[in-house]
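Asker: To be precise about what I am sending: the file is called query30.pdb and holds PDB, C-alpha atoms, pLDDT in the B column.
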```pdb
MODEL        1
ATOM      1  CA  MET Z 762       0.000   0.000   0.000  1.00 93.00           C
ATOM      2  CA  ASN Z 763       1.341   3.401  -1.006  1.00 98.00           C
ATOM      3  CA  THR Z 764       0.772   6.539   1.052  1.00 98.00           C
ATOM      4  CA  PHE Z 765       0.850  10.225   0.136  1.00 98.00           C
ATOM      5  CA  ILE Z 766       1.469  12.717   2.960  1.00 97.00           C
ATOM      6  CA  SER Z 767       1.233  16.469   2.537  1.00 96.00           C
ATOM      7  CA  GLY Z 768       0.865  19.618   4.622  1.00 92.00           C
ATOM      8  CA  GLY Z 769       2.654  22.812   5.517  1.00 85.00           C
ATOM      9  CA  CYS Z 770       6.331  23.098   6.367  1.00 80.00           C
ATOM     10  CA  LYS Z 771       7.706  22.237   9.815  1.00 77.00           C
ATOM     11  CA  ASN Z 772       4.532  20.612  11.121  1.00 83.00           C
ATOM     12  CA  GLY Z 773       5.558  17.009  11.727  1.00 87.00           C
ATOM     13  CA  LYS Z 774       5.144  15.414   8.286  1.00 92.00           C
ATOM     14  CA  SER Z 775       8.583  13.823   8.206  1.00 89.00           C
ATOM     15  CA  TYR Z 776       8.361  12.384  11.707  1.00 90.00           C
ATOM     16  CA  TYR Z 777       4.879  11.031  11.057  1.00 93.00           C
ATOM     17  CA  ALA Z 778       6.075   9.499   7.773  1.00 94.00           C
ATOM     18  CA  GLN Z 779       9.078   7.883   9.450  1.00 94.00           C
ATOM     19  CA  ARG Z 780       6.859   6.300  12.106  1.00 94.00           C
ATOM     20  CA  LEU Z 781       4.414   5.078   9.472  1.00 96.00           C
ATOM     21  CA  ALA Z 782       7.180   3.565   7.327  1.00 97.00           C
ATOM     22  CA  GLN Z 783       8.883   1.967  10.323  1.00 96.00           C
ATOM     23  CA  ASP Z 784       5.643   0.492  11.671  1.00 96.00           C
ATOM     24  CA  THR Z 785       4.776  -0.940   8.249  1.00 96.00           C
ATOM     25  CA  ALA Z 786       8.217  -2.503   7.836  1.00 97.00           C
ATOM     26  CA  GLU Z 787       8.141  -4.023  11.326  1.00 96.00           C
ATOM     27  CA  ARG Z 788       4.596  -5.322  11.005  1.00 95.00           C
ATOM     28  CA  GLU Z 789       5.258  -6.951   7.632  1.00 94.00           C
ATOM     29  CA  SER Z 790       8.925  -7.927   8.284  1.00 97.00           C
ATOM     30  CA  ARG Z 791      10.197  -5.911   5.328  1.00 97.00           C
ATOM     31  CA  PRO Z 792      13.431  -3.976   4.777  1.00 98.00           C
ATOM     32  CA  LEU Z 793      13.159  -0.231   5.380  1.00 98.00           C
ATOM     33  CA  TYR Z 794      14.624   2.388   3.039  1.00 98.00           C
ATOM     34  CA  TYR Z 795      14.950   6.158   3.239  1.00 97.00           C
ATOM     35  CA  ILE Z 796      15.223   7.870  -0.150  1.00 97.00           C
ATOM     36  CA  ALA Z 797      17.325  10.968   0.487  1.00 93.00           C
ATOM     37  CA  THR Z 798      16.563  13.634  -2.112  1.00 94.00           C
ATOM     38  CA  MET Z 799      18.611  16.659  -1.046  1.00 87.00           C
ATOM     39  CA  ILE Z 800      21.517  17.551  -3.329  1.00 84.00           C
ATOM     40  CA  PRO Z 801      23.990  19.453  -1.116  1.00 75.00           C
ATOM     41  CA  ARG Z 802      25.145  22.809  -2.497  1.00 74.00           C
ATOM     42  CA  ASP Z 803      27.228  24.127   0.398  1.00 75.00           C
ATOM     43  CA  GLU Z 804      28.424  23.364   3.910  1.00 83.00           C
ATOM     44  CA  GLU Z 805      25.078  24.391   5.381  1.00 85.00           C
ATOM     45  CA  ASP Z 806      23.352  21.721   3.274  1.00 77.00           C
ATOM     46  CA  ARG Z 807      25.950  19.138   4.249  1.00 82.00           C
ATOM     47  CA  ALA Z 808      25.477  19.984   7.929  1.00 86.00           C
ATOM     48  CA  ARG Z 809      21.721  19.584   7.485  1.00 78.00           C
ATOM     49  CA  ILE Z 810      22.244  16.152   5.926  1.00 76.00           C
ATOM     50  CA  ARG Z 811      24.468  15.085   8.825  1.00 85.00           C
ATOM     51  CA  ARG Z 812      21.773  16.232  11.248  1.00 81.00           C
ATOM     52  CA  HIS Z 813      19.094  14.274   9.401  1.00 76.00           C
ATOM     53  CA  LEU Z 814      21.258  11.142   9.430  1.00 78.00           C
ATOM     54  CA  ALA Z 815      21.776  11.511  13.171  1.00 81.00           C
ATOM     55  CA  GLU Z 816      18.032  11.973  13.731  1.00 77.00           C
ATOM     56  CA  ARG Z 817      17.271   8.754  11.813  1.00 81.00           C
ATOM     57  CA  GLU Z 818      19.919   6.734  13.622  1.00 84.00           C
ATOM     58  CA  GLY Z 819      18.397   3.703  15.287  1.00 87.00           C
ATOM     59  CA  TRP Z 820      15.213   3.766  13.208  1.00 92.00           C
ATOM     60  CA  GLY Z 821      16.392   0.926  10.956  1.00 94.00           C
ATOM     61  CA  PHE Z 822      16.533   2.873   7.699  1.00 96.00           C
ATOM     62  CA  GLU Z 823      18.964   2.087   4.917  1.00 96.00           C
ATOM     63  CA  THR Z 824      19.605   5.322   3.038  1.00 94.00           C
ATOM     64  CA  ILE Z 825      19.380   5.507  -0.751  1.00 96.00           C
ATOM     65  CA  GLU Z 826      20.679   8.742  -2.292  1.00 94.00           C
ATOM     66  CA  GLN Z 827      18.500   9.734  -5.261  1.00 96.00           C
ATOM     67  CA  GLY Z 828      18.046  13.469  -5.822  1.00 95.00           C
ATOM     68  CA  THR Z 829      16.656  13.217  -9.359  1.00 96.00           C
ATOM     69  CA  ASN Z 830      15.066  10.569 -11.610  1.00 96.00           C
ATOM     70  CA  ILE Z 831      13.373   8.483  -8.933  1.00 98.00           C
ATOM     71  CA  THR Z 832      13.078   5.563 -11.346  1.00 98.00           C
ATOM     72  CA  GLY Z 833      16.868   5.391 -11.222  1.00 98.00           C
ATOM     73  CA  ILE Z 834      16.368   3.285  -8.090  1.00 98.00           C
ATOM     74  CA  LEU Z 835      14.708   0.630 -10.253  1.00 98.00           C
ATOM     75  CA  ASP Z 836      17.643   0.800 -12.678  1.00 97.00           C
ATOM     76  CA  ARG Z 837      20.119   0.432  -9.820  1.00 97.00           C
ATOM     77  CA  GLN Z 838      18.299  -2.648  -8.531  1.00 97.00           C
ATOM     78  CA  GLU Z 839      18.243  -4.205 -12.002  1.00 96.00           C
ATOM     79  CA  ALA Z 840      21.975  -3.501 -12.294  1.00 97.00           C
ATOM     80  CA  GLY Z 841      22.623  -5.626  -9.198  1.00 97.00           C
ATOM     81  CA  GLU Z 842      22.455  -3.192  -6.296  1.00 97.00           C
ATOM     82  CA  ASP Z 843      21.024  -4.816  -3.169  1.00 97.00           C
ATOM     83  CA  ILE Z 844      17.645  -3.068  -3.042  1.00 98.00           C
ATOM     84  CA  ASP Z 845      14.569  -5.141  -2.212  1.00 98.00           C
ATOM     85  CA  MET Z 846      11.651  -3.842  -4.281  1.00 98.00           C
ATOM     86  CA  GLY Z 847       9.320  -5.529  -1.785  1.00 98.00           C
ATOM     87  CA  GLY Z 848      10.556  -3.249   0.978  1.00 98.00           C
ATOM     88  CA  VAL Z 849       9.098  -0.087   2.480  1.00 98.00           C
ATOM     89  CA  PHE Z 850      10.428   3.138   0.923  1.00 98.00           C
ATOM     90  CA  LEU Z 851      10.127   6.588   2.476  1.00 98.00           C
ATOM     91  CA  LEU Z 852      10.587   9.309  -0.150  1.00 98.00           C
ATOM     92  CA  ASP Z 853      11.157  12.655   1.546  1.00 93.00           C
ATOM     93  CA  SER Z 854      10.497  14.706  -0.386  1.00 93.00           C
ATOM     94  CA  VAL Z 855       8.635  15.103  -3.669  1.00 97.00           C
ATOM     95  CA  THR Z 856       9.196  18.841  -3.178  1.00 95.00           C
ATOM     96  CA  ALA Z 857      12.981  18.488  -3.338  1.00 95.00           C
ATOM     97  CA  ILE Z 858      12.989  16.229  -6.383  1.00 97.00           C
ATOM     98  CA  MET Z 859      10.795  18.664  -8.294  1.00 97.00           C
ATOM     99  CA  GLU Z 860      13.155  21.509  -7.387  1.00 95.00           C
ATOM    100  CA  ASN Z 861      16.215  19.501  -8.415  1.00 95.00           C
ATOM    101  CA  GLU Z 862      14.628  18.553 -11.739  1.00 96.00           C
ATOM    102  CA  MET Z 863      13.096  21.933 -12.609  1.00 96.00           C
ATOM    103  CA  PHE Z 864      16.096  24.041 -11.625  1.00 95.00           C
ATOM    104  CA  PRO Z 865      19.236  22.028 -12.435  1.00 92.00           C
ATOM    105  CA  ARG Z 866      22.514  23.685 -11.514  1.00 83.00           C
ATOM    106  CA  LYS Z 867      25.734  23.604 -13.459  1.00 78.00           C
ATOM    107  CA  PRO Z 868      29.110  25.042 -12.479  1.00 68.00           C
ATOM    108  CA  LYS Z 869      30.034  28.056 -14.546  1.00 70.00           C
ATOM    109  CA  GLY Z 870      33.449  29.449 -15.328  1.00 62.00           C
ATOM    110  CA  GLY Z 871      35.188  30.707 -12.223  1.00 60.00           C
ATOM    111  CA  ALA Z 872      33.017  30.610  -9.126  1.00 65.00           C
ATOM    112  CA  GLY Z 873      29.306  30.039  -8.679  1.00 69.00           C
ATOM    113  CA  GLU Z 874      26.652  28.038 -10.481  1.00 74.00           C
ATOM    114  CA  GLU Z 875      24.299  28.539 -13.387  1.00 81.00           C
ATOM    115  CA  ILE Z 876      20.662  27.732 -12.631  1.00 84.00           C
ATOM    116  CA  ARG Z 877      18.431  26.822 -15.544  1.00 88.00           C
ATOM    117  CA  THR Z 878      14.670  26.258 -15.653  1.00 92.00           C
ATOM    118  CA  ASP Z 879      13.470  23.017 -17.231  1.00 94.00           C
ATOM    119  CA  LEU Z 880       9.780  23.420 -18.038  1.00 92.00           C
ATOM    120  CA  ARG Z 881       9.617  19.833 -19.275  1.00 96.00           C
ATOM    121  CA  ALA Z 882      10.460  18.558 -15.800  1.00 97.00           C
ATOM    122  CA  PRO Z 883       6.920  18.617 -14.307  1.00 97.00           C
ATOM    123  CA  GLU Z 884       5.436  16.022 -16.652  1.00 97.00           C
ATOM    124  CA  ARG Z 885       8.621  13.957 -16.529  1.00 97.00           C
ATOM    125  CA  VAL Z 886       8.695  13.931 -12.728  1.00 98.00           C
ATOM    126  CA  LYS Z 887       5.009  13.055 -12.532  1.00 98.00           C
ATOM    127  CA  GLY Z 888       5.507  10.116 -14.878  1.00 98.00           C
ATOM    128  CA  GLU Z 889       8.564   8.905 -12.979  1.00 98.00           C
ATOM    129  CA  MET Z 890       6.805   9.134  -9.605  1.00 98.00           C
ATOM    130  CA  LEU Z 891       3.804   7.168 -10.829  1.00 98.00           C
ATOM    131  CA  HIS Z 892       6.018   4.588 -12.510  1.00 98.00           C
ATOM    132  CA  PHE Z 893       8.052   4.129  -9.324  1.00 98.00           C
ATOM    133  CA  ALA Z 894       4.888   3.837  -7.223  1.00 98.00           C
ATOM    134  CA  GLY Z 895       3.472   1.225  -9.579  1.00 98.00           C
ATOM    135  CA  ALA Z 896       6.678  -0.813  -9.730  1.00 98.00           C
ATOM    136  CA  ILE Z 897       6.989  -1.001  -5.935  1.00 98.00           C
ATOM    137  CA  ARG Z 898       3.299  -1.835  -5.589  1.00 98.00           C
ATOM    138  CA  GLU Z 899       3.628  -4.631  -8.170  1.00 98.00           C
ATOM    139  CA  ALA Z 900       6.636  -6.029  -6.290  1.00 98.00           C
ATOM    140  CA  GLY Z 901       4.603  -6.166  -3.073  1.00 97.00           C
ATOM    141  CA  GLY Z 902       6.346  -3.233  -1.433  1.00 98.00           C
ATOM    142  CA  ALA Z 903       5.141   0.150  -0.226  1.00 98.00           C
ATOM    143  CA  VAL Z 904       6.114   3.783  -0.756  1.00 98.00           C
ATOM    144  CA  VAL Z 905       5.453   6.673   1.613  1.00 98.00           C
ATOM    145  CA  PHE Z 906       5.628   9.943  -0.356  1.00 98.00           C
ATOM    146  CA  VAL Z 907       6.109  13.220   1.519  1.00 97.00           C
ATOM    147  CA  SER Z 908       5.399  16.584  -0.089  1.00 97.00           C
ATOM    148  CA  ASP Z 909       4.870  20.190   0.987  1.00 93.00           C
ATOM    149  CA  GLY Z 910       1.606  21.979   0.311  1.00 90.00           C
ATOM    150  CA  ILE Z 911       3.300  25.237  -0.693  1.00 88.00           C
ATOM    151  CA  TYR Z 912       0.753  26.171  -3.345  1.00 87.00           C
ATOM    152  CA  GLY Z 913      -2.324  26.994  -1.263  1.00 79.00           C
ATOM    153  CA  ASP Z 914      -1.684  30.610  -0.265  1.00 79.00           C
ATOM    154  CA  GLY Z 915      -2.649  33.725  -2.184  1.00 76.00           C
ATOM    155  CA  GLY Z 916       0.769  35.366  -2.299  1.00 81.00           C
ATOM    156  CA  GLU Z 917       2.333  36.798  -5.443  1.00 85.00           C
ATOM    157  CA  TYR Z 918       5.596  35.230  -6.588  1.00 90.00           C
ATOM    158  CA  SER Z 919       7.984  35.330  -9.516  1.00 92.00           C
ATOM    159  CA  SER Z 920       6.985  33.515 -12.694  1.00 92.00           C
ATOM    160  CA  SER Z 921       9.501  30.713 -12.077  1.00 92.00           C
ATOM    161  CA  THR Z 922       8.220  30.183  -8.530  1.00 92.00           C
ATOM    162  CA  GLU Z 923       4.639  30.073  -9.778  1.00 93.00           C
ATOM    163  CA  GLU Z 924       5.631  27.487 -12.401  1.00 95.00           C
ATOM    164  CA  TYR Z 925       7.238  25.430  -9.640  1.00 95.00           C
ATOM    165  CA  ARG Z 926       4.189  25.660  -7.362  1.00 94.00           C
ATOM    166  CA  LYS Z 927       1.909  24.665 -10.226  1.00 94.00           C
ATOM    167  CA  ALA Z 928       4.191  21.746 -11.131  1.00 96.00           C
ATOM    168  CA  LEU Z 929       4.339  20.449  -7.559  1.00 96.00           C
ATOM    169  CA  ALA Z 930       0.559  20.718  -7.210  1.00 96.00           C
ATOM    170  CA  GLY Z 931       0.136  18.650 -10.363  1.00 96.00           C
ATOM    171  CA  VAL Z 932       2.394  15.869  -9.122  1.00 97.00           C
ATOM    172  CA  ASP Z 933       0.757  15.899  -5.691  1.00 97.00           C
ATOM    173  CA  ILE Z 934      -2.714  15.538  -7.231  1.00 97.00           C
ATOM    174  CA  ALA Z 935      -1.538  12.606  -9.356  1.00 98.00           C
ATOM    175  CA  LEU Z 936       0.051  10.866  -6.346  1.00 98.00           C
ATOM    176  CA  ALA Z 937      -3.013  11.461  -4.163  1.00 97.00           C
ATOM    177  CA  GLU Z 938      -5.176   9.851  -6.835  1.00 98.00           C
ATOM    178  CA  ASP Z 939      -2.794   6.922  -7.269  1.00 98.00           C
ATOM    179  CA  CYS Z 940      -1.962   6.129  -3.639  1.00 98.00           C
ATOM    180  CA  GLU Z 941      -4.222   3.943  -1.518  1.00 97.00           C
ATOM    181  CA  ARG Z 942      -3.856   6.226   1.499  1.00 97.00           C
ATOM    182  CA  VAL Z 943      -3.707  10.050   1.720  1.00 97.00           C
ATOM    183  CA  VAL Z 944      -2.886  11.952   4.915  1.00 96.00           C
ATOM    184  CA  GLU Z 945      -2.694  15.695   5.508  1.00 95.00           C
ATOM    185  CA  ILE Z 946      -0.715  17.021   8.481  1.00 94.00           C
ATOM    186  CA  SER Z 947      -1.901  20.377   9.794  1.00 89.00           C
ATOM    187  CA  TYR Z 948      -0.909  22.012  13.079  1.00 82.00           C
ATOM    188  CA  GLY Z 949       0.178  18.672  14.513  1.00 80.00           C
ATOM    189  CA  THR Z 950      -3.016  16.907  13.480  1.00 89.00           C
ATOM    190  CA  ALA Z 951      -3.090  14.036  10.975  1.00 93.00           C
ATOM    191  CA  GLU Z 952      -6.218  14.089   8.855  1.00 94.00           C
ATOM    192  CA  LEU Z 953      -6.958  10.954   6.855  1.00 95.00           C
ATOM    193  CA  TRP Z 954      -8.599  11.708   3.508  1.00 95.00           C
ATOM    194  CA  LYS Z 955      -8.250   8.277   1.935  1.00 95.00           C
ATOM    195  CA  GLY Z 956      -7.584   4.806   3.359  1.00 94.00           C
ATOM    196  CA  ARG Z 957      -8.270   3.125   6.708  1.00 83.00           C
ATOM    197  CA  ALA Z 958      -7.523   4.666  10.091  1.00 75.00           C
ATOM    198  CA  SER Z 959      -6.466   1.273  11.466  1.00 66.00           C
ATOM    199  CA  GLU Z 960      -3.372   1.421   9.261  1.00 66.00           C
ATOM    200  CA  GLN Z 961      -1.969   4.597  10.814  1.00 69.00           C
ATOM    201  CA  PRO Z 962       1.267   4.448  12.838  1.00 73.00           C
ATOM    202  CA  GLN Z 963       1.139   3.345  16.445  1.00 63.00           C
ATOM    203  CA  ASN Z 964       0.872   6.313  18.811  1.00 53.00           C
ATOM    204  CA  ARG Z 965       4.056   5.571  20.730  1.00 45.00           C
ATOM    205  CA  GLU Z 966       4.934   9.251  21.097  1.00 42.00           C
ATOM    206  CA  PRO Z 967       2.659  12.335  21.103  1.00 34.00           C
ATOM    207  CA  ALA Z 968       4.074  13.893  17.928  1.00 38.00           C
ATOM    208  CA  ILE Z 969       0.691  13.890  16.233  1.00 39.00           C
ATOM    209  CA  SER Z 970      -2.053  15.040  18.552  1.00 37.00           C
ATOM    210  CA  LYS Z 971      -5.040  13.575  16.763  1.00 40.00           C
ATOM    211  CA  LEU Z 972      -6.172  11.566  13.743  1.00 45.00           C
ATOM    212  CA  ARG Z 973      -9.361  12.668  12.053  1.00 47.00           C
ATOM    213  CA  ARG Z 974     -11.180  10.705   9.372  1.00 47.00           C
ATOM    214  CA  SER Z 975     -12.682  13.033   6.803  1.00 47.00           C
ATOM    215  CA  GLY Z 976     -16.089  12.279   5.379  1.00 42.00           C
ATOM    216  CA  THR Z 977     -16.067  15.073   2.822  1.00 35.00           C
ATOM    217  CA  PRO Z 978     -16.076  13.472  -0.647  1.00 32.00           C
ATOM    218  CA  GLU Z 979     -15.426  16.746  -2.434  1.00 32.00           C
ATOM    219  CA  ARG Z 980     -12.122  17.180  -0.646  1.00 31.00           C
ATOM    220  CA  GLU Z 981     -11.148  13.550  -1.022  1.00 29.00           C
ATOM    221  CA  ASN Z 982     -11.325  14.025  -4.789  1.00 30.00           C
ATOM    222  CA  ARG Z 983      -9.493  17.341  -4.963  1.00 29.00           C
TER     223      ARG Z 983
ENDMDL
END
```
Let's see the structure in the file written out as structure tokens.
Answerer:
Amino acid sequence: MNTFISGGCKNGKSYYAQRLAQDTAERESRPLYYIATMIPRDEEDRARIRRHLAEREGWGFETIEQGTNITGILDRQEAGEDIDMGGVFLLDSVTAIMENEMFPRKPKGGAGEEIRTDLRAPERVKGEMLHFAGAIREAGGAVVFVSDGIYGDGGEYSSSTEEYRKALAGVDIALAEDCERVVEISYGTAELWKGRASEQPQNREPAISKLRRSGTPERENR
């Protein structure tokens, strides 16, 4: 069973997703993978990655670095890398992969980087995400996708930022339609829009204050 988790920034999505992935792996005796999507640009990014690794220590995750082309994991497995497609995969985050794909960076002469905008990336990323989800599902595994709902406010942004927000919204809609379970995290509350409440992570720690089951069909189909 695949799960899509969304919500605002810094509200507990990642921790909730880690608990869900870990509980699923333990319950079904499956290997547990963390798909790391950040591509470090500077020492601050590298320090953030070290902090994330330390925070996940002891959870049982095996880290897979894949900042672009999520289907590359399937290629790596076919090439002989020890990745069990029947495992539980936590992809955190869809947001980062879209950024990496839409705004690729290349070193330019001297110092600094050149940032381009790839307007073909949104459809490509959407196709790759759905293909990856389907391949893991077919193999008997599970994917937990984490994304950021950064497209719901009424602010005015640059044209490139608006293209990015639109692209991320499109991928999120496709994943929400494809996944068997959809959860929104808001102000520390997990709201279940699709799936069964009995399959939520065990409440071993009070990180998520409450689970609500929505009965609003219009929102479930948004």
Asker: Using all atoms listed in the file, which of the listed residues (Z:Ala778, Z:Ile800, Z:Ala808, Z:Met846) sits closest to Ile834 in chain Z?
Answerer: Z:Met846
Asker: Spell out the residues picked by the PyMOL selection byres ((chain Z and resi 820-833) around 7) here, as a list in words.
Answerer: Leu793, Tyr794, Tyr795, Ile796, Ala797, Thr798, Met799, Ile800, Arg817, Glu818, Gly819, Ile834, Leu835, Asp836, Arg837, Ile858, Asn861, Glu862, Glu889, Met890 and Phe893 of chain Z
Asker: What is the CA of Glu941 in chain Z-CA of Arg926 in chain Z distance in Å, reported with one decimal?
Answerer: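 Between these atoms lies a distance of 24.0 Å.
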Asker: For CA of Asn772 in chain Z and CA of Leu953 in chain Z, determine how far apart the two atoms are, in Å to one decimal place.
Answerer: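 Between CA of Asn772 in chain Z and CA of Leu953 in chain Z the gap is 15.6 Å.
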Asker: Applying the PyMOL selection byres ((chain Z and resi 909) around 8) to the file I just gave you, which residues come out? Please list them as an NGL selection string.
Answerer: :Z and (767-770 or 854-856 or 907-908 or 910-911)
Asker: Of the candidates Z:Val849, Z:Ala857, Z:Ile810, Z:Val905, which one gets nearest to Arg788 in chain Z if we count only C-alpha atoms?
Answerer: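 Result for the nearest residue to Arg788 in chain Z: Z:Val849.
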Asker: Interatomic distance between CA of Asn763 in chain Z and CA of Ala937 in chain Z?
Answerer: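 So the two atoms, CA of Asn763 in chain Z and CA of Ala937 in chain Z, lie 9.7 Å apart.
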Asker: Residues within 10 Å of Gly895 in chain Z, please, as number ranges by chain. Count all atoms listed in the file; anything in the same chain fewer than 4 positions from it doesn't count.
Answerer: Z: 763, 889-891, 899-904, 939-940
Asker: Could you tell me, as an MDAnalysis selection string, exactly which residues end up selected when the PyMOL selection byres ((chain Z and resi 919-925) around 10) is applied to this structure?
Answerer: chainID Z and resid 856 859:860 863:864 878 880 882:883 911:912 916:918 926:931
Asker: Restricted to C-alpha atoms, what would the selected residues look like written as a short mmCIF file (atom, residue, chain, number, x, y, z; two decimals), keeping the file's coordinate frame?
Answerer:
```cif
data_model
loop_
_atom_site.label_atom_id
_atom_site.label_comp_id
_atom_site.auth_asym_id
_atom_site.auth_seq_id
_atom_site.Cartn_x
_atom_site.Cartn_y
_atom_site.Cartn_z
CA THR Z 856 9.20 18.84 -3.18
CA MET Z 859 10.80 18.66 -8.29
CA GLU Z 860 13.16 21.51 -7.39
CA MET Z 863 13.10 21.93 -12.61
CA PHE Z 864 16.10 24.04 -11.62
CA THR Z 878 14.67 26.26 -15.65
CA LEU Z 880 9.78 23.42 -18.04
CA ALA Z 882 10.46 18.56 -15.80
CA PRO Z 883 6.92 18.62 -14.31
CA ILE Z 911 3.30 25.24 -0.69
CA TYR Z 912 0.75 26.17 -3.34
CA GLY Z 916 0.77 35.37 -2.30
CA GLU Z 917 2.33 36.80 -5.44
CA TYR Z 918 5.60 35.23 -6.59
CA ARG Z 926 4.19 25.66 -7.36
CA LYS Z 927 1.91 24.66 -10.23
CA ALA Z 928 4.19 21.75 -11.13
CA LEU Z 929 4.34 20.45 -7.56
CA ALA Z 930 0.56 20.72 -7.21
CA GLY Z 931 0.14 18.65 -10.36
#
```
Asker: So which residues touch Pro792 in chain Z within 8 Å, counting only C-alpha atoms, skipping near sequence neighbours fewer than 3 positions away, as JSON, numbers by chain?
Answerer: {"Z": [786, 845, 847, 848, 849]}
Asker: Store the residues picked out above, limited to C-alpha atoms, as a compact mmCIF listing (two decimals), in the frame of the given file.
Answerer:
```
# COMPACT_ATOMS: atom_id res chain seq x y z
CA ALA Z 786 8.22 -2.50 7.84
CA ASP Z 845 14.57 -5.14 -2.21
CA GLY Z 847 9.32 -5.53 -1.78
CA GLY Z 848 10.56 -3.25 0.98
CA VAL Z 849 9.10 -0.09 2.48
```
Asker: So which one's closest to Ala782 in chain Z, Z:Leu851, Z:Tyr948, Z:Asp933, Z:Glu816? Using all atoms listed in the file, please.
Answerer: Z:Leu851
Asker: Around all the atoms of range 769-773 of chain Z listed in the file, with 8 Å of room on each side, what axis-aligned box do you get, giving centre and edge lengths in Å to one decimal, as lines of an AutoDock Vina configuration file?
Answerer:
```
center_x = 5.2
center_y = 20.1
center_z = 8.6
size_x = 21.1
size_y = 22.1
size_z = 22.2
```
Asker: Looking at Z:Glu842, Z:Asp853, Z:Asp914, Z:Asp806, which one is nearest to Gln779 in chain Z, with distances taken over all atoms listed in the file?
Answerer: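 Ranked by minimum distance to Gln779 in chain Z, first place goes to Z:Asp853.
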Asker: Between Z:Val943, Z:Val932, Z:Ala958, Z:Leu852, single out the one closest to Glu884 in chain Z, counting all atoms listed in the file.
Answerer: Z:Val932
